[in-house]
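S.K.: Got a file for you: input17.cif, mmCIF, C-alpha atoms and all ligand atoms; chains and numbers go by the auth columns.
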```
data_entry
loop_
_atom_site.group_PDB
_atom_site.id
_atom_site.type_symbol
_atom_site.label_atom_id
_atom_site.label_comp_id
_atom_site.label_asym_id
_atom_site.label_seq_id
_atom_site.Cartn_x
_atom_site.Cartn_y
_atom_site.Cartn_z
_atom_site.B_iso_or_equiv
_atom_site.auth_seq_id
_atom_site.auth_asym_id
ATOM 1 C CA MET A 1 157.828 -260.129 74.507 0.00 25 D
ATOM 2 C CA GLY A 2 154.465 -258.518 74.935 0.00 26 D
ATOM 3 C CA SER A 3 151.231 -259.273 76.729 0.00 27 D
ATOM 4 C CA PRO A 4 148.818 -261.856 75.257 0.00 28 D
ATOM 5 C CA ASP A 5 146.646 -260.605 72.409 0.00 29 D
ATOM 6 C CA ASP A 6 143.106 -261.973 72.517 0.00 30 D
ATOM 7 C CA THR A 7 142.441 -260.850 68.953 0.00 31 D
ATOM 8 C CA LEU A 8 144.887 -263.571 67.819 0.00 32 D
ATOM 9 C CA PRO A 9 144.331 -267.368 67.957 0.00 33 D
ATOM 10 C CA GLU A 10 145.232 -269.190 71.186 0.00 34 D
ATOM 11 C CA ASP A 11 148.090 -271.063 69.502 0.00 35 D
ATOM 12 C CA HIS A 12 149.623 -267.899 68.007 0.00 36 D
ATOM 13 C CA ALA A 13 153.180 -267.387 69.325 0.00 37 D
ATOM 14 C CA ARG A 14 152.082 -264.161 71.059 0.00 38 D
ATOM 15 C CA ASN A 15 149.658 -266.170 73.195 0.00 39 D
ATOM 16 C CA LEU A 16 151.855 -269.167 74.106 0.00 40 D
ATOM 17 C CA GLN A 17 152.656 -269.553 77.785 0.00 41 D
ATOM 18 C CA VAL A 18 156.044 -270.923 78.826 0.00 42 D
ATOM 19 C CA PHE A 19 157.002 -272.277 82.224 0.00 43 D
ATOM 20 C CA SER A 20 159.803 -270.734 84.331 0.00 44 D
ATOM 21 C CA ASN A 21 160.472 -271.278 88.003 0.00 45 D
ATOM 22 C CA ARG A 22 163.994 -269.955 88.520 0.00 46 D
ATOM 23 C CA GLY A 23 164.802 -267.111 90.889 0.00 47 D
ATOM 24 C CA ASN A 24 167.055 -264.105 90.589 0.00 48 D
ATOM 25 C CA VAL A 25 168.818 -261.403 92.560 0.00 49 D
ATOM 26 C CA SER A 26 167.851 -258.033 91.063 0.00 50 D
ATOM 27 C CA THR A 27 170.146 -255.053 90.382 0.00 51 D
ATOM 28 C CA ASP A 28 169.268 -253.140 93.541 0.00 52 D
ATOM 29 C CA ARG A 29 170.152 -256.166 95.707 0.00 53 D
ATOM 30 C CA ILE A 30 173.665 -256.657 94.312 0.00 54 D
ATOM 31 C CA PRO A 31 176.294 -254.735 96.341 0.00 55 D
ATOM 32 C CA ASP A 32 177.561 -251.567 94.621 0.00 56 D
ATOM 33 C CA SER A 33 181.157 -252.252 95.583 0.00 57 D
ATOM 34 C CA GLY A 34 181.061 -255.991 94.784 0.00 58 D
ATOM 35 C CA PRO A 35 182.932 -257.586 91.858 0.00 59 D
ATOM 36 C CA LEU A 36 179.894 -258.061 89.591 0.00 60 D
ATOM 37 C CA LYS A 37 178.713 -254.431 89.720 0.00 61 D
ATOM 38 C CA THR A 38 182.297 -253.248 89.359 0.00 62 D
ATOM 39 C CA LEU A 39 182.639 -255.367 86.203 0.00 63 D
ATOM 40 C CA TYR A 40 179.321 -254.076 84.835 0.00 64 D
ATOM 41 C CA ALA A 41 180.395 -250.455 85.444 0.00 65 D
ATOM 42 C CA TRP A 42 183.773 -251.007 83.751 0.00 66 D
ATOM 43 C CA LYS A 43 183.575 -249.146 80.410 0.00 67 D
ATOM 44 C CA PRO A 44 186.263 -251.177 78.598 0.00 68 D
ATOM 45 C CA LEU A 45 184.082 -254.288 78.982 0.00 69 D
ATOM 46 C CA ARG A 46 181.063 -252.453 77.506 0.00 70 D
ATOM 47 C CA ASP A 47 183.195 -251.173 74.621 0.00 71 D
ATOM 48 C CA PHE A 48 184.609 -254.672 74.033 0.00 72 D
ATOM 49 C CA ILE A 49 181.130 -256.217 73.904 0.00 73 D
ATOM 50 C CA GLY A 50 179.937 -253.462 71.547 0.00 74 D
ATOM 51 C CA ALA A 51 182.905 -254.197 69.273 0.00 75 D
ATOM 52 C CA VAL A 52 182.226 -257.952 69.337 0.00 76 D
ATOM 53 C CA LEU A 53 178.587 -257.343 68.390 0.00 77 D
ATOM 54 C CA ASP A 54 179.709 -254.906 65.681 0.00 78 D
ATOM 55 C CA GLY A 55 176.747 -252.562 66.207 0.00 79 D
ATOM 56 C CA PRO A 56 176.162 -249.075 67.653 0.00 80 D
ATOM 57 C CA PRO A 57 177.715 -248.216 71.052 0.00 81 D
ATOM 58 C CA LEU A 58 176.062 -249.943 73.984 0.00 82 D
ATOM 59 C CA CYS A 59 174.508 -248.338 77.068 0.00 83 D
ATOM 60 C CA HIS A 60 173.710 -249.925 80.369 0.00 84 D
ATOM 61 C CA TYR A 61 170.142 -251.243 80.272 0.00 85 D
ATOM 62 C CA GLY A 62 168.091 -248.719 82.265 0.00 86 D
ATOM 63 C CA ASP A 63 165.836 -251.103 84.151 0.00 87 D
ATOM 64 C CA PRO A 64 166.330 -250.685 87.928 0.00 88 D
ATOM 65 C CA LEU A 65 165.770 -254.407 88.540 0.00 89 D
ATOM 66 C CA ALA A 66 167.111 -256.100 85.434 0.00 90 D
ATOM 67 C CA SER A 67 170.155 -254.210 84.205 0.00 91 D
ATOM 68 C CA LEU A 68 172.435 -256.483 86.229 0.00 92 D
ATOM 69 C CA MET A 69 171.130 -259.691 87.822 0.00 93 D
ATOM 70 C CA ILE A 70 172.228 -262.982 89.241 0.00 94 D
ATOM 71 C CA ASN A 71 170.040 -265.794 87.966 0.00 95 D
ATOM 72 C CA VAL A 72 169.605 -268.624 90.418 0.00 96 D
ATOM 73 C CA ASN A 73 168.406 -272.069 89.311 0.00 97 D
ATOM 74 C CA HIS A 74 168.132 -274.602 92.125 0.00 98 D
ATOM 75 C CA ALA A 75 167.473 -278.304 91.425 0.00 99 D
ATOM 76 C CA GLY A 76 164.344 -278.695 89.278 0.00 100 D
ATOM 77 C CA GLU A 77 164.329 -275.031 88.219 0.00 101 D
ATOM 78 C CA GLU A 78 164.363 -273.897 84.600 0.00 102 D
ATOM 79 C CA LEU A 79 163.897 -270.775 82.504 0.00 103 D
ATOM 80 C CA GLY A 80 161.413 -271.168 79.644 0.00 104 D
ATOM 81 C CA TRP A 81 161.982 -270.175 76.004 0.00 105 D
ATOM 82 C CA HIS A 82 161.979 -266.394 75.561 0.00 106 D
ATOM 83 C CA LEU A 83 163.423 -263.339 73.802 0.00 107 D
ATOM 84 C CA ASP A 84 164.959 -260.569 75.907 0.00 108 D
ATOM 85 C CA ASN A 85 163.829 -256.944 75.857 0.00 109 D
ATOM 86 C CA SER A 86 167.390 -255.653 76.042 0.00 110 D
ATOM 87 C CA GLU A 87 169.395 -255.840 72.812 0.00 111 D
ATOM 88 C CA SER A 88 172.369 -257.815 74.048 0.00 112 D
ATOM 89 C CA SER A 89 173.154 -259.815 77.115 0.00 113 D
ATOM 90 C CA VAL A 90 176.324 -261.072 78.600 0.00 114 D
ATOM 91 C CA THR A 91 176.274 -263.884 81.080 0.00 115 D
ATOM 92 C CA LEU A 92 179.091 -264.794 83.402 0.00 116 D
ATOM 93 C CA MET A 93 178.841 -268.309 84.782 0.00 117 D
ATOM 94 C CA LEU A 94 179.520 -268.199 88.529 0.00 118 D
ATOM 95 C CA GLN A 95 178.566 -271.723 89.606 0.00 119 D
ATOM 96 C CA GLN A 96 177.630 -274.582 87.327 0.00 120 D
ATOM 97 C CA PRO A 97 175.584 -277.664 88.221 0.00 121 D
ATOM 98 C CA GLU A 98 176.949 -281.136 87.433 0.00 122 D
ATOM 99 C CA ARG A 99 173.887 -281.999 85.340 0.00 123 D
ATOM 100 C CA GLY A 100 171.293 -279.893 83.514 0.00 124 D
ATOM 101 C CA GLY A 101 171.073 -276.095 83.592 0.00 125 D
ATOM 102 C CA VAL A 102 172.175 -275.899 79.958 0.00 126 D
ATOM 103 C CA PHE A 103 171.757 -272.680 77.975 0.00 127 D
ATOM 104 C CA ARG A 104 169.808 -273.582 74.787 0.00 128 D
ATOM 105 C CA TYR A 105 169.255 -271.198 71.877 0.00 129 D
ATOM 106 C CA VAL A 106 168.192 -270.693 68.278 0.00 130 D
ATOM 107 C CA SER A 107 169.813 -267.684 66.540 0.00 131 D
ATOM 108 C CA ALA A 108 168.015 -264.902 64.675 0.00 132 D
ATOM 109 C CA VAL A 109 164.421 -265.890 65.483 0.00 133 D
ATOM 110 C CA ARG A 110 163.164 -262.322 65.896 0.00 134 D
ATOM 111 C CA THR A 111 162.943 -260.875 62.381 0.00 135 D
ATOM 112 C CA ASP A 112 160.484 -258.019 63.088 0.00 136 D
ATOM 113 C CA ASP A 113 158.077 -259.432 60.509 0.00 137 D
ATOM 114 C CA GLU A 114 155.294 -262.018 60.535 0.00 138 D
ATOM 115 C CA SER A 115 157.688 -264.933 59.878 0.00 139 D
ATOM 116 C CA GLU A 116 158.963 -264.808 63.465 0.00 140 D
ATOM 117 C CA PHE A 117 155.694 -266.140 64.878 0.00 141 D
ATOM 118 C CA PRO A 118 155.597 -269.537 63.094 0.00 142 D
ATOM 119 C CA ALA A 119 159.352 -269.847 63.805 0.00 143 D
ATOM 120 C CA VAL A 120 158.644 -269.600 67.553 0.00 144 D
ATOM 121 C CA ASN A 121 155.824 -272.203 67.295 0.00 145 D
ATOM 122 C CA HIS A 122 158.164 -274.548 65.420 0.00 146 D
ATOM 123 C CA ILE A 123 160.819 -274.325 68.161 0.00 147 D
ATOM 124 C CA LEU A 124 158.365 -274.671 71.057 0.00 148 D
ATOM 125 C CA ASP A 125 156.830 -277.706 69.319 0.00 149 D
ATOM 126 C CA GLY A 126 160.316 -279.298 69.421 0.00 150 D
ATOM 127 C CA LYS A 127 160.581 -279.391 65.626 0.00 151 D
ATOM 128 C CA ALA A 128 163.566 -277.074 65.061 0.00 152 D
ATOM 129 C CA ASP A 129 166.820 -278.679 63.944 0.00 153 D
ATOM 130 C CA ASP A 130 169.029 -275.635 64.584 0.00 154 D
ATOM 131 C CA VAL A 131 168.786 -275.720 68.400 0.00 155 D
ATOM 132 C CA ARG A 132 172.211 -275.368 70.030 0.00 156 D
ATOM 133 C CA ASP A 133 173.390 -275.950 73.590 0.00 157 D
ATOM 134 C CA LEU A 134 176.073 -274.107 75.537 0.00 158 D
ATOM 135 C CA ASP A 135 177.344 -275.276 78.888 0.00 159 D
ATOM 136 C CA PRO A 136 180.022 -272.724 79.836 0.00 160 D
ATOM 137 C CA PRO A 137 182.284 -273.456 82.823 0.00 161 D
ATOM 138 C CA PRO A 138 182.536 -270.968 85.740 0.00 162 D
ATOM 139 C CA GLY A 139 184.318 -267.756 84.724 0.00 163 D
ATOM 140 C CA LYS A 140 183.257 -267.951 81.063 0.00 164 D
ATOM 141 C CA LEU A 141 181.519 -264.933 79.509 0.00 165 D
ATOM 142 C CA VAL A 142 178.789 -265.656 76.978 0.00 166 D
ATOM 143 C CA ILE A 143 177.842 -262.730 74.705 0.00 167 D
ATOM 144 C CA PHE A 144 174.545 -263.133 72.882 0.00 168 D
ATOM 145 C CA CYS A 145 171.874 -261.150 71.133 0.00 169 D
ATOM 146 C CA GLY A 146 169.038 -262.173 73.447 0.00 170 D
ATOM 147 C CA HIS A 147 166.655 -259.806 71.666 0.00 171 D
ATOM 148 C CA ARG A 148 166.821 -261.932 68.502 0.00 172 D
ATOM 149 C CA ALA A 149 167.933 -265.406 69.624 0.00 173 D
ATOM 150 C CA LEU A 150 165.164 -267.443 71.263 0.00 174 D
ATOM 151 C CA HIS A 151 166.740 -269.006 74.352 0.00 175 D
ATOM 152 C CA CYS A 152 166.035 -270.942 77.522 0.00 176 D
ATOM 153 C CA VAL A 153 167.845 -272.717 80.369 0.00 177 D
ATOM 154 C CA THR A 154 167.030 -276.387 80.949 0.00 178 D
ATOM 155 C CA SER A 155 166.139 -277.720 84.384 0.00 179 D
ATOM 156 C CA VAL A 156 168.991 -278.176 86.874 0.00 180 D
ATOM 157 C CA GLU A 157 169.293 -281.879 87.721 0.00 181 D
ATOM 158 C CA ASP A 158 171.466 -281.932 90.842 0.00 182 D
ATOM 159 C CA ASP A 159 171.911 -280.116 94.138 0.00 183 D
ATOM 160 C CA THR A 160 174.549 -277.635 92.947 0.00 184 D
ATOM 161 C CA SER A 161 172.584 -274.510 92.043 0.00 185 D
ATOM 162 C CA ARG A 162 173.300 -272.749 88.777 0.00 186 D
ATOM 163 C CA LEU A 163 174.380 -269.131 89.455 0.00 187 D
ATOM 164 C CA VAL A 164 174.875 -266.800 86.517 0.00 188 D
ATOM 165 C CA GLY A 165 175.592 -263.074 86.422 0.00 189 D
ATOM 166 C CA VAL A 166 173.523 -261.402 83.673 0.00 190 D
ATOM 167 C CA LEU A 167 174.816 -258.064 82.315 0.00 191 D
ATOM 168 C CA ASN A 168 172.238 -256.361 80.099 0.00 192 D
ATOM 169 C CA TYR A 169 172.887 -253.623 77.546 0.00 193 D
ATOM 170 C CA SER A 170 170.767 -251.568 75.163 0.00 194 D
ATOM 171 C CA HIS A 171 171.285 -249.153 72.279 0.00 195 D
ATOM 172 C CA THR A 172 169.481 -246.200 73.859 0.00 196 D
ATOM 173 C CA PRO A 173 169.656 -245.033 77.480 0.00 197 D
ATOM 174 C CA ASP A 174 166.758 -245.393 79.918 0.00 198 D
ATOM 175 C CA GLU A 175 165.192 -248.467 78.297 0.00 199 D
ATOM 176 C CA ARG A 176 163.293 -250.518 80.837 0.00 200 D
ATOM 177 C CA MET A 177 160.885 -253.402 81.200 0.00 201 D
ATOM 178 C CA LEU A 178 157.124 -252.982 81.267 0.00 202 D
ATOM 179 C CA PRO A 179 155.707 -253.151 84.815 0.00 203 D
ATOM 180 C CA PHE A 180 153.983 -256.522 84.160 0.00 204 D
ATOM 181 C CA VAL A 181 157.309 -257.990 82.980 0.00 205 D
ATOM 182 C CA GLN A 182 159.046 -256.689 86.130 0.00 206 D
ATOM 183 C CA ARG A 183 156.345 -258.373 88.215 0.00 207 D
ATOM 184 C CA MET A 184 156.683 -261.606 86.251 0.00 208 D
ATOM 185 C CA PHE A 185 160.473 -261.882 86.644 0.00 209 D
ATOM 186 C CA HIS A 186 161.073 -260.040 89.941 0.00 210 D
ATOM 187 C CA GLY A 187 157.746 -260.260 91.768 0.00 211 D
ATOM 188 C CA ARG A 188 157.622 -256.444 92.139 0.00 212 D
ATOM 189 C CA GLU A 189 157.726 -253.157 90.240 0.00 213 D
ATOM 190 C CA ALA A 190 160.418 -250.488 90.557 0.00 214 D
HETATM 191 O O1 LIG B . 170.769 -267.856 82.774 0.00 301 N
HETATM 192 C C1 LIG B . 171.149 -267.734 81.592 0.00 301 N
HETATM 193 O O2 LIG B . 172.161 -268.316 81.141 0.00 301 N
HETATM 194 C C2 LIG B . 170.369 -266.889 80.626 0.00 301 N
HETATM 195 C C3 LIG B . 169.543 -265.886 81.322 0.00 301 N
HETATM 196 C C4 LIG B . 168.510 -265.227 80.492 0.00 301 N
HETATM 197 O O3 LIG B . 168.262 -265.585 79.382 0.00 301 N
HETATM 198 C C5 LIG B . 167.734 -264.109 81.054 0.00 301 N
HETATM 199 O O4 LIG B . 167.868 -263.803 82.260 0.00 301 N
HETATM 200 O O5 LIG B . 166.962 -263.489 80.303 0.00 301 N
HETATM 201 FE FE FE B . 167.109 -264.150 78.378 0.00 302 N
#
```
Show how you would write the structure in this file as structure tokens.
Ligand SMILES: O=C(O)CCC(=O)C(=O)O
Ligand SMILES: [Fe+2]
M.R.:
Amino acid sequence: MGSPDDTLPEDHARNLQVFSNRGNVSTDRIPDSGPLKTLYAWKPLRDFIGAVLDGPPLCHYGDPLASLMINVNHAGEELGWHLDNSESSVTLMLQQPERGGVFRYVSAVRTDDESEFPAVNHILDGKADDVRDLDPPPGKLVIFCGHRALHCVTSVEDDTSRLVGVLNYSHTPDERMLPFVQRMFHGREA
């Protein structure tokens, strides 16, 4: 994701605005000795995920706010369609709503060439036929290439909030979000 580009048309994928109103608990607000940070620090898990993804070894994502998070979607809250900055993400469902809060994705949308832009428009216009839904129960790990798969979380439709641990990894150390992206997702820079 980058900032809007006013040299491109308004309806170009780079300039589309999506709506998100979910909250999150950032890395520095998750207890160091708690189970989620302990799991994130556990090297065998990182090695396992690297092996599943069959790519180069994974590092912890270097962003001080977004390397490990807990996403919180209360009733009526959603996360709009997006691609992640970090290469791979692992989510661990902690609490699942009865209705809504479904993880929705389309694989391999980022291609690093011009074809990715019309593909994003097609999906946001609701025209894609390869959209898939995942609704993992609590305790289930989901491993996905969030850098390439366009994904979103649909609105939660009941009073049980959706709580998901998000474990982010990258291929090189010290990768981080741009300050405007930190502000957008965390309301602050760090
Ligand atoms: O909440 C989820 O299941 C996905 C989270 C996500 O895509 C993100 O935080 O970038
Ligand atoms: Fe994401």
S.K.: Any idea what's packed within 12 Å of Lys67 (chain D), counting all atoms listed in the file, ignoring anything in its chain fewer than 3 positions away? Could you give it as a ChimeraX atom specification?
M.R.: /D:61-64,70-74,81-84,193
S.K.: For region 39-45 of chain D, please output as a PDB file with C-alpha atoms, in the frame of the given file all residues within 6 Å (counting all atoms listed in the file; exclusion window: fewer than 2 positions along the same chain).
M.R.:
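File selection32.pdb, as written:
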```pdb
ATOM      1  CA  PRO D  28     148.818-261.856  75.257  1.00  0.00           C
ATOM      2  CA  GLU D  34     145.232-269.190  71.186  1.00  0.00           C
ATOM      3  CA  HIS D  36     149.623-267.899  68.007  1.00  0.00           C
ATOM      4  CA  ALA D  37     153.180-267.387  69.325  1.00  0.00           C
ATOM      5  CA  GLU D 101     164.329-275.031  88.219  1.00  0.00           C
ATOM      6  CA  GLU D 102     164.363-273.897  84.600  1.00  0.00           C
ATOM      7  CA  LEU D 103     163.897-270.775  82.504  1.00  0.00           C
ATOM      8  CA  GLY D 104     161.413-271.168  79.644  1.00  0.00           C
TER       9      GLY D 104
END
```
S.K.: Show me which residues sit within 8 Å of ligand LIG 301 (chain N) when counting all atoms listed in the file, and put them as JSON, numbers by chain.
M.R.: {"D": [93, 95, 96, 103, 106, 107, 108, 113, 115, 117, 126, 127, 170, 175, 176, 177, 187, 188, 189, 190]}
S.K.: Need the shell around region 146-154 of chain D: protein/DNA/RNA residues with any atom at most 9 Å away, counting all atoms listed in the file. Skip same-chain ones fewer than 6 positions apart. Format as a list in words?
M.R.: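 Listing them by chain and then by number gives Val42, Trp105, Tyr129, Val130, Ser131 and Leu174 of chain D.
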S.K.: Hey, can you pull every residue with an atom no more than 9 Å from (167.8, -245.1, 77.8), using all atoms listed in the file, and send it as a short mmCIF file (atom, residue, chain, number, x, y, z; two decimals) with C-alpha atoms, in the frame of the given file?
M.R.:
```cif
data_model
loop_
_atom_site.label_atom_id
_atom_site.label_comp_id
_atom_site.auth_asym_id
_atom_site.auth_seq_id
_atom_site.Cartn_x
_atom_site.Cartn_y
_atom_site.Cartn_z
CA CYS D 83 174.51 -248.34 77.07
CA HIS D 84 173.71 -249.92 80.37
CA TYR D 85 170.14 -251.24 80.27
CA GLY D 86 168.09 -248.72 82.26
CA ASP D 87 165.84 -251.10 84.15
CA SER D 194 170.77 -251.57 75.16
CA HIS D 195 171.28 -249.15 72.28
CA THR D 196 169.48 -246.20 73.86
CA PRO D 197 169.66 -245.03 77.48
CA ASP D 198 166.76 -245.39 79.92
CA GLU D 199 165.19 -248.47 78.30
CA ARG D 200 163.29 -250.52 80.84
#
```
S.K.: D:Thr184, D:Ser50, D:Ser110, D:Ser179: which is nearest ligand FE 302 (chain N), counting all atoms listed in the file?
M.R.: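 Using all atoms listed in the file, the shortest distance to ligand FE 302 (chain N) belongs to D:Ser110.
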S.K.: Measure the distance from CA of Gly125 (chain D) to CA of Thr178 (chain D) in Å and round it to one decimal.
M.R.: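 Separating CA of Gly125 (chain D) from CA of Thr178 (chain D) is a distance of 4.8 Å.
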S.K.: What separation in Å, quoted to one decimal, exists between CA of Pro160 (chain D) and CA of Arg172 (chain D)?
M.R.: 20.5 Å
S.K.: Distance CA of Ser57 (chain D)-CA of Leu77 (chain D), one decimal place?
M.R.: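 CA of Ser57 (chain D) sits 27.8 Å away from CA of Leu77 (chain D).
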S.K.: Counting all atoms listed in the file, note down every residue that has an atom within 9 Å of the point (172.7, -273.8, 93.9) (file coordinates), as number ranges by chain.
M.R.: D: 96-99, 119-121, 182-187
S.K.: I'd like the neighbourhood of Phe141 (chain D) as a CSV table (one decimal) with C-alpha atoms, keeping the file's coordinate frame, where a residue qualifies if any of its atoms comes within 8 Å (using only C-alpha atoms), though same-chain residues fewer than 2 positions away should be ignored.
M.R.:
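Output saved as part_0.csv:
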```
chain,number,residue,atom,x,y,z
D,36,HIS,CA,149.6,-267.9,68.0
D,37,ALA,CA,153.2,-267.4,69.3
D,38,ARG,CA,152.1,-264.2,71.1
D,138,GLU,CA,155.3,-262.0,60.5
D,139,SER,CA,157.7,-264.9,59.9
D,143,ALA,CA,159.4,-269.8,63.8
D,144,VAL,CA,158.6,-269.6,67.6
D,145,ASN,CA,155.8,-272.2,67.3
```
S.K.: Between D:Glu213, D:Glu111, D:Asp157, D:Asp30, which is the closest to ligand FE 302 (chain N) once you count all atoms listed in the file?
M.R.: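 So, comparing all the options, the nearest one is D:Glu111.
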S.K.: The PyMOL selection byres (((chain D and resi 204) around 12) and not hetatm) - which residues does that actually catch in the file I just gave you? List them as a list in words.
M.R.: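 Applying the expression gives Met25, Gly26, Ser27, Pro28, Arg200, Met201, Leu202, Pro203, Val205, Gln206, Arg207, Met208, Phe209, His210, Gly211, Arg212, Glu213 and Ala214 of chain D.
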S.K.: May I ask which of the residues D:Arg156, D:Arg53, D:Lys164, D:Arg128 is the closest one to ligand FE 302 (chain N), counting all atoms listed in the file?
M.R.: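 That would be D:Arg128, the residue with the smallest distance to ligand FE 302 (chain N).
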S.K.: Region 154-172 of chain D, all listed atoms, 8 Å padding on each side: what axis-aligned box centre and edge lengths in Å to one decimal come out, as JSON?
M.R.:
```
{"center_x": 175.5, "center_y": -267.9, "center_z": 75.2, "size_x": 33.7, "size_y": 32.1, "size_z": 37.2}
```
S.K.: Ranking D:Ala173, D:Ala75, D:Leu32, D:Val114 by minimum distance to Arg134 (chain D) and counting all atoms listed in the file, which one comes first?
M.R.: D:Ala173
S.K.: Env of Thr51 (chain D): 6 Å cut, atoms = all atoms listed in the file, seq-sep filter 6 positions within chain, self excluded. Answer as number ranges by chain.
M.R.: D: 89-90, 92-93
S.K.: Could you check the closest approach to His171 (chain D) for each of D:Asp78, D:Asp136, D:Glu122, D:Asp52 and tell me which residue wins, using all atoms listed in the file?
M.R.: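 Distance minimum relative to His171 (chain D) lands on D:Asp136.
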